[in-house]
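Just below is one structure, and these are the notes that go with it.
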Amino acid sequence: MKHLELTSLQIKEKILSKEIQAVDVIKHLFEWIKETEPNVQAYITTTEEESLRKAEEIDKKVKNNERVGLLAGIPIAIKDNICTKNLLTTCASQILKNFIPPYDAFVINRLKEEDAIIIGKTNLDEFAMGSSTENSSYKETRNPWDLERVPGGSSGGSAAAVASNLAFMALGSETGGSIRQPAAMCGVVGVKPTYGRVSRYGLIAFGSSLDQIGTLTKDIKDAAVLLQVISGHDACDSTSAPVPVPDYLHGIDSGINGLKIGIPKEYFADGLNTDIQKAIKDALGIYEKLGAEIIDISLPHTEYAVATYYLVATAEASSNLARYDGVRYGLRAGSEGGIVSMYCRTRSEGFGNEVKRRVMLGNYALSAGYYDAYYLKASKVRTLIKNDFDAAFEKVDCIICPTSPVPAFKIGERTNNPLEMYLTDVYTIPANLAGIPGISIPCGFSREGLPIGMQILGRYFEEKRLLQIAHTFEAETNFHLKTPPLKDPRWCRG
Amino acid sequence: MIDKKLIEYVASLSRLELTRDEEEMFMNQLTDILSYIEKLRKLNTEDVKPMAYPLNKSNVFREDKLCPSTSKEEILANAPAKIDAFFKVPKVIE
Amino acid sequence: MEYEVVIGLETHAELSTLTKLFCGCSTKFGVEPNTQVCPVCLGMPGVLPVMNKKAFEYSLKSALALHCEINKFTNFDRKSYYYPDLPKNYQISQNYYNLGVNGYMTIEVNGSTKKIRIHNVHLEEEAGKLIHPEEIGTNYSLVDFNRAGVPLLEIVSYPDMRGVDEVDSYMQTLRKILLYMDVSDCKMQEGSLRFEASISLREKGSDKLGNRVEIKNLNSMKAVIKAIEYEVGRQSKLLDRGETVARETRLWDAVTERSERMRSKEEAQDYRYFPEPDLLPVLIDEKWLHEIKGTIPELPLDRKLRFVEVFKLSDYDSGILTEEKVFADFFEECVKILNRPKAISNWIINDLLREVKDRKLDIHNLPIKPKQLASLIEIIEKGTISSTIAKEVFSEMIQSGKNPHAIIEEKKLAQISDESLIESIIEKVIATNPEAIEDYKKGKKNALSFLMGQVMKETKGKANPKIVNELLKGKVGV
């Protein structure tokens, strides 16, 4: 009975059919967390007691044949940059080490309404700034497939938790690939929805015109149901789209016959790991076999995406992070030296180097005399990048490419060279700049046995189509069924 | 490209206090990053409209309707320092 | 040397919406600290602003009233600076696409009018309030965020004013316009209307602008005028000595009546404006503009000039009547009912305004209706009551809200015009005051007034004075 390796929908079925109690799932899960978490270090905070209480509530509802929500009894982990009412929310930063929000994010409200069980808050790069989760000020999350390696980032805690069965599903967030990239590196499914599909209310802002909450799950159907729950219009987020949410599960297996898949040549250039290149080629072969048409396309401004991103995202971040000043919440230091000293000391002690670097870069890009050359220029190039996608989607239904140019790298390997680290997001960033949706799904393993992710990008608000395309591949393959070589939980042996 | 004076200015805009070593490190790293970013200059963007909003949407409003405020206790619960119902900060000289 | 003074004004007016600009917290003034605050206006992590439609429309209305061109595409920008009363350490404001630009406002100075150009009108959010405890030795300040996020309209003029008279008129006119449109309560003592001035001097006849000095912390219109006078003195002294005026920002101290340097141009803040990604642009179409235009009332100066022309009132009286929209409306309502503009104007200016002042009445909820004042005037003109009695009736109307007819009837105040009745009273008065007749015959003309007074006294002032006068004259044989 390997319950912890089941998918979310499978465990929900067992809870609803009373085959297993939600309380037992939580108990088993926390036993596994106690055993495995010291190796993986996915969580900043866990909520065992509250989870058990919530599980009891759900068991009672099931017992009484009361109506239960879409995520009834499913243990879910939340990236710690999503605000949870009365539950510590740190953003992996010392500056918020004691911050307890008096409000829930929109998505948290939705999860609670649908009876999900929030089991904890996962580790991330501080303020979601990073590609390896090494920028957390709390702990170093390891890749479950190789504990010497990073899980990717910034949603590394969420990806590692799902990959190592420390959670059945998780929420992450993206600004430049922070769901898809760790999903690829940890061998799970990551969905970054269209900008505006999911409310950002309660997501601690990094780059407001890029940020989007998304899902990390064990398979596509889990992604569909979780996305179903968190999507939709929110009057508290002006940038939330009033676009109807389709039933993502319905017709998910209706196939891809006649599908036109675009392959952008810019994504298969120098620097792409050969194992990854081969895995994607093989995957395209499968699609072709299933009736898809593969079409070569070009996204000519791809090479400018990283540069554009690091101006737009840091400019927005520099202002989004100005509020951490020691006045109203969070860390305060240096107040004995006066107000300016308090600001500077609080922020210097509270922020790590990557955050400082980006805040400074952003302030530079916006400062008097540089605005036109940097921020404005980048905003214009952003238009060109978006236009590339618009033009491509005239010809093709989706774009398939690698999620990351490299599999998970060694911890510490890239920390001294920020620019090199930034370049690991080269394939994910363009979608964030354009605002289009993307999915990363497992599509193979490298020679060292590290997971490889394949990325499917689609038109605005075509998440449903992307899920169908991804599900078709998943149904033909078993990459998503492999689990990392962590020790099996004791109770699973029986 | 980024000199000491500029890094000091940008640090002060950012309300950050840097040690001499940090100044040196950030100066080098930001110079690297900015020289990478230089590639944008190659592109002619004269007639391109900037994209500040990824969503093709406008005129989002709320009605002028009262919502209950958060309780004073909850608002002040995270305050690093407070006196009565006020947030307390080091003396601000105007 | 003779200098020309060049002045521009920046005006901030809090809009009188029920709720704040980006959240549903109340804007009520004077409540307990930090009780009208929520995560949005406290700038907590992850929360987002949503624009108050009424605040936006009030701004649009104001921009139109100031003859601005309306940008069909307008958006909001973040203006970054650190201050403990600014929750996010950036203010949501407008910089690149202000909602209104290139407008003007007509002011009146010494009987002639002048157009002051408006550079732009834009909408932004208010900051919280810093309190500096006065006890000696305190090393802290306190912050109350109740005001943070209240919608704030900023109106920036061109430096078109040439003296304090014009500045005074500009402030008064702008205040009146905002009040007329009901978009701000303009209470300077509560900070809901504030001004900042920029002043430069140049040699008379020169068209080159001198170095500009900005003055902040002007808490009343009086302070604006005093600060400008002080600054003109300060700058002309510098220039007379051949020194240059430094471009700087100065703070006015209303107690010492002096200003002091706050920061120089070199220390000017780098605001790093960029488009606010949490709010979407606003597109303004003709239909919407037309709707908003329809809500703008006739503005005070136009109305005043019309009163002079159409109702033949004096410039002075028209000015008083149009000072407050309520009274101008009251006046016009009355005139619609009874076409006696001069009499109505007199009653409003002399009596209604006095009662309002004495009794501290709420002008938006007057106890007297235009119809009632019109009937009172009609009654006087018919001769039913004298103007002296009318004052008494009016006072009673204000107190009770009753119709004049009812009061006259209740108190039996109607004028006696029955000649035989009056004649009998005259006879009675003459009989009891024979010496007055003697006096009159001896040539003491005022004896007649004395008898007149006695008759009025007998009738409690109700006898028709014209009839009394005629009959009395007949009796004494004039």
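Labels used: A, B, ... for chains in the order of the structure tokens, numbers from 1 for residues in each chain, and numbers from 1 for ligands as shown.
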message = as a PyMOL selection string, please: every residue in region 227-378 of chain C that DSSP puts in alpha helix (DSSP H).
response = chain C and resi 227-240+286-293+300-311+315-321+325-337+341-346+353-359+370-378
message = Please find the residues of chain A near chain C - the criterion being any atom within 6 Å, counting only C-alpha atoms - and write them as a PyMOL selection string.
response = chain A and resi 201-205+208-209+237-238+322-323+366-367
query = Skipping near chain neighbours, those fewer than 5 positions away, what residues fall within 10 Å of region 58-67 of chain C using only C-alpha atoms, listed as a PyMOL selection string?
reply = chain C and resi 15-17+53+99-106+116-118+120-124+151-155+174+177-178+181-184+284+288-289+291-299
task = Within 9 Å of chain C, which residues of chain B are there when counting only C-alpha atoms? Please give them as JSON, numbers by chain.
result = {"B": [13, 15, 52, 53, 55, 57, 58, 59, 60, 61, 62, 63, 64, 65, 66, 67, 68, 69, 70, 71, 72, 75, 76, 82, 83, 85, 86, 87, 88, 89, 90, 91, 92, 93, 94]}
query = Mind listing as a PyMOL selection string which residues of chain A are within 8 Å of chain B, counting only C-alpha atoms?
reply = chain A and resi 98-100+102+195-196+209-210+235+238-239+241+304+307-308+318+322+326-332+335-340+342-345+347-348+356-357+359-361+363-364+376-384+417-419+433-435
Near region 67-77 of chain A, within 7 Å and counting only C-alpha atoms, which residues show up once chain neighbours fewer than 5 positions away are dropped, as a PDB file with N, CA and C atoms, in the first residue's frame?
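Done, and the output landed in out.pdb:
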```
ATOM      1  N   SER A   8      -2.709  12.788  -6.337  1.00  0.00           N
ATOM      2  CA  SER A   8      -3.699  13.493  -5.502  1.00  0.00           C
ATOM      3  C   SER A   8      -5.103  12.970  -5.763  1.00  0.00           C
ATOM      4  N   LYS A  12      -7.500  11.048  -3.087  1.00  0.00           N
ATOM      5  CA  LYS A  12      -8.827  11.602  -2.808  1.00  0.00           C
ATOM      6  C   LYS A  12      -9.899  10.518  -2.992  1.00  0.00           C
ATOM      7  N   ALA A  22      -8.475  10.331   5.882  1.00  0.00           N
ATOM      8  CA  ALA A  22      -7.599  11.482   5.646  1.00  0.00           C
ATOM      9  C   ALA A  22      -6.610  11.628   6.792  1.00  0.00           C
ATOM     10  N   ALA A  55      -7.965  17.221   8.696  1.00  0.00           N
ATOM     11  CA  ALA A  55      -8.221  15.874   8.169  1.00  0.00           C
ATOM     12  C   ALA A  55      -9.394  15.227   8.909  1.00  0.00           C
ATOM     13  N   ILE A  58     -12.563  16.483   7.581  1.00  0.00           N
ATOM     14  CA  ILE A  58     -12.935  15.915   6.281  1.00  0.00           C
ATOM     15  C   ILE A  58     -13.451  14.482   6.448  1.00  0.00           C
ATOM     16  N   LYS A  61     -16.936  14.655   7.517  1.00  0.00           N
ATOM     17  CA  LYS A  61     -17.826  14.996   6.391  1.00  0.00           C
ATOM     18  C   LYS A  61     -18.076  13.765   5.525  1.00  0.00           C
ATOM     19  N   GLU A 113     -11.629  26.387   0.551  1.00  0.00           N
ATOM     20  CA  GLU A 113     -13.017  26.142   0.145  1.00  0.00           C
ATOM     21  C   GLU A 113     -13.195  24.744  -0.443  1.00  0.00           C
ATOM     22  N   GLU A 114     -12.140  24.254  -1.078  1.00  0.00           N
ATOM     23  CA  GLU A 114     -12.237  22.935  -1.706  1.00  0.00           C
ATOM     24  C   GLU A 114     -11.658  21.840  -0.826  1.00  0.00           C
ATOM     25  N   ASP A 115     -11.486  22.112   0.452  1.00  0.00           N
ATOM     26  CA  ASP A 115     -11.104  21.097   1.447  1.00  0.00           C
ATOM     27  C   ASP A 115      -9.714  20.499   1.284  1.00  0.00           C
ATOM     28  N   ALA A 116      -8.801  21.250   0.668  1.00  0.00           N
ATOM     29  CA  ALA A 116      -7.415  20.785   0.640  1.00  0.00           C
ATOM     30  C   ALA A 116      -6.830  20.929   2.043  1.00  0.00           C
ATOM     31  N   ILE A 117      -5.798  20.151   2.341  1.00  0.00           N
ATOM     32  CA  ILE A 117      -5.136  20.268   3.646  1.00  0.00           C
ATOM     33  C   ILE A 117      -3.751  20.877   3.435  1.00  0.00           C
ATOM     34  N   ILE A 118      -3.576  22.083   3.962  1.00  0.00           N
ATOM     35  CA  ILE A 118      -2.289  22.766   3.798  1.00  0.00           C
ATOM     36  C   ILE A 118      -1.317  22.222   4.841  1.00  0.00           C
ATOM     37  N   ILE A 119      -0.297  21.505   4.366  1.00  0.00           N
ATOM     38  CA  ILE A 119       0.583  20.814   5.314  1.00  0.00           C
ATOM     39  C   ILE A 119       1.847  21.594   5.633  1.00  0.00           C
ATOM     40  N   GLY A 120       2.115  22.632   4.866  1.00  0.00           N
ATOM     41  CA  GLY A 120       3.297  23.404   5.206  1.00  0.00           C
ATOM     42  C   GLY A 120       3.668  24.408   4.126  1.00  0.00           C
ATOM     43  N   LYS A 121       4.701  25.180   4.450  1.00  0.00           N
ATOM     44  CA  LYS A 121       5.177  26.222   3.551  1.00  0.00           C
ATOM     45  C   LYS A 121       6.576  25.830   3.079  1.00  0.00           C
ATOM     46  N   THR A 122       6.757  25.853   1.772  1.00  0.00           N
ATOM     47  CA  THR A 122       8.007  25.307   1.221  1.00  0.00           C
ATOM     48  C   THR A 122       9.072  26.368   0.978  1.00  0.00           C
ATOM     49  N   SER A 158       8.831  23.371  -3.249  1.00  0.00           N
ATOM     50  CA  SER A 158       7.583  22.767  -3.718  1.00  0.00           C
ATOM     51  C   SER A 158       7.866  21.609  -4.671  1.00  0.00           C
ATOM     52  N   ALA A 167       4.665  15.813  -0.273  1.00  0.00           N
ATOM     53  CA  ALA A 167       3.372  16.461  -0.449  1.00  0.00           C
ATOM     54  C   ALA A 167       2.750  15.824  -1.675  1.00  0.00           C
ATOM     55  N   PHE A 168       1.411  15.821  -1.732  1.00  0.00           N
ATOM     56  CA  PHE A 168       0.767  15.250  -2.921  1.00  0.00           C
ATOM     57  C   PHE A 168       0.743  16.232  -4.074  1.00  0.00           C
ATOM     58  N   MET A 169       0.656  17.468  -3.718  1.00  0.00           N
ATOM     59  CA  MET A 169       0.705  18.523  -4.738  1.00  0.00           C
ATOM     60  C   MET A 169       1.218  19.780  -4.068  1.00  0.00           C
ATOM     61  N   ALA A 170       1.568  20.780  -4.890  1.00  0.00           N
ATOM     62  CA  ALA A 170       2.095  22.010  -4.295  1.00  0.00           C
ATOM     63  C   ALA A 170       1.784  23.197  -5.181  1.00  0.00           C
ATOM     64  N   LEU A 171       1.752  24.357  -4.544  1.00  0.00           N
ATOM     65  CA  LEU A 171       1.681  25.605  -5.307  1.00  0.00           C
ATOM     66  C   LEU A 171       3.077  26.200  -5.380  1.00  0.00           C
TER      67      LEU A 171
END
```
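Taking CA of Val224 (chain C) and CA of Met161 (chain C) as endpoints, the distance between them is 13.2 Å.
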ask   = Separation of CA of Val406 (chain A) and CA of Thr483 (chain A), in Å?
value =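 Computed distance, CA of Val406 (chain A) to CA of Thr483 (chain A), equals 20.0 Å.
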Among region 384-426 of chain A, which residues does DSSP mark as strand (DSSP E) when it is run on the backbone? Keep the chain and numbering as in the structure and answer as a PDB file with C-alpha atoms, in the first residue's frame.
```pdb
ATOM      1  CA  CYS A 398       1.828  24.995 -29.415  1.00  0.00           C
ATOM      2  CA  ILE A 399       5.572  25.239 -29.056  1.00  0.00           C
ATOM      3  CA  ILE A 400       7.697  22.451 -27.642  1.00  0.00           C
ATOM      4  CA  CYS A 401      11.217  22.992 -26.377  1.00  0.00           C
ATOM      5  CA  PRO A 402      13.452  22.063 -23.459  1.00  0.00           C
TER       6      PRO A 402
END
```
key: All residues 10 Å or closer to region 415-427 of chain C, only C-alpha atoms, same chain fewer than 6 positions away omitted, as an NGL selection string   = :C and (380 or 383-386 or 389 or 408 or 433 or 451-452 or 454-456 or 458-468 or 471-472 or 475)
task = Rank A:Gly285, A:Gly271, A:Gly156, A:Gly262 by their smallest atom-to-atom distance to Ser404 (chain A), using only C-alpha atoms, and report the top residue only.
result =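 Nearest candidate to Ser404 (chain A) out of A:Gly285, A:Gly271, A:Gly156, A:Gly262: A:Gly271.
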key: Distance query Ser220 (chain C) at most 10 Å, only C-alpha atoms, self and fewer than 3 positions along chain excluded, as a PyMOL selection string   = chain C and resi 187-189+191+193-195+217+223-226+254
inquiry  = So the first atom is CA of Gly453 (chain A) and the second is CA of Thr403 (chain A); what is the distance between them in Å, to one decimal place?
reply    =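 Value for the CA of Gly453 (chain A)-CA of Thr403 (chain A) distance: 5.5 Å.
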query = Quick one: residues within 7 Å of Lys218 (chain A), only C-alpha atoms counted, chain neighbours fewer than 2 positions away excluded, as a ChimeraX atom specification?
reply = /A:7,162,169,188-189,222,480
ask   = Between A:Asp24, A:Asp146, A:Glu57, A:Glu35, which is the closest to Pro484 (chain A) once you count only C-alpha atoms?
value =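 Checking each of A:Asp24, A:Asp146, A:Glu57, A:Glu35 against Pro484 (chain A), counting only C-alpha atoms, the winner is A:Asp146.
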